[in-house]
Amino acid sequence: MRKTIFLLPFLIFINSCQYFDKQVPSKEELLQKELKSINWNEVDELPSINECEQIQDKTQRQQCFFDFLTAKIQEKLSIDTLSILYPELDTIEVKVTVFPDASLKFEPQFPTDSLAYDKIKIDSILHARLVDFPKINPALKRGIPVKTQFILPVILEVE
């Protein structure tokens, strides 16, 4: 009986040593696993403005930002001769790039077969008019500001 009492803890001790033999993953393995789990095609937070920051719903906040940006672009382009030079041009697609430092870049997007417009002239009008925007908060990925791009259809209002 005494042998059994001493033998039982000894067997438990020997068996428990197997728990200490498990390999700890290296830093590199953990890093690679984490990098594979990140979706690099989506951001955690889209660009925004201060007026839209209070909105909790992600879709509504995005729509608030896009509505604001579209309205601001329309306002700045409505005082120009773009609609007079090209009366048939009622909508222009603008590729907006928001950089991590909160700066903006605007590029007009034209159909590839379009020869009816002077692309250089329209581009220069956009660059001249689309300045002095309110502060835009850049998109965030894991808390780090990142570059984002999107295309906005902007309706040119003819007065």
# chains A, B, ... in the order shown; residues from 1 in each chain; ligands from 1
$ residues_around --residues "segment 97-107 of chain A" --least-positions-apart "3" --cutoff "8 Å" --atoms "only C-alpha atoms" --output "list in words"
Pro47, Val94, Asp123, Leu126, His127, Leu130, Lys135, Ile136, Asn137, Pro138, Ala139, Pro145, Val146, Lys147, Thr148, Gln149 and Phe150 of chain A
$ residues_around --residues "Gln63 of chain A" --least-positions-apart "6" --cutoff "12 Å" --atoms "only C-alpha atoms" --output "ChimeraX atom specification"
/A:46-49,52-53,55,57,69-71,152
$ write_last_selection --atoms "C-alpha atoms" --output "tab-separated table (two decimals), in the first residue's frame"
chain	number	residue	atom	x	y	z
A	46	LEU	CA	-12.81	55.20	-43.46
A	47	PRO	CA	-11.75	58.81	-43.94
A	48	SER	CA	-14.08	61.25	-42.24
A	49	ILE	CA	-14.66	64.83	-41.22
A	52	CYS	CA	-19.45	62.91	-39.25
A	53	GLU	CA	-17.37	61.56	-36.34
A	55	ILE	CA	-22.20	58.96	-36.14
A	57	ASP	CA	-22.97	53.42	-37.71
A	69	LEU	CA	-17.26	65.71	-50.17
A	70	THR	CA	-19.58	65.53	-53.19
A	71	ALA	CA	-21.42	68.69	-52.12
A	152	LEU	CA	-17.17	59.95	-56.57
$ closest_residue --among "A:Gln54, A:Val24, A:Val96, A:Phe110" --to "Phe66 of chain A" --atoms "only C-alpha atoms"
A:Val96
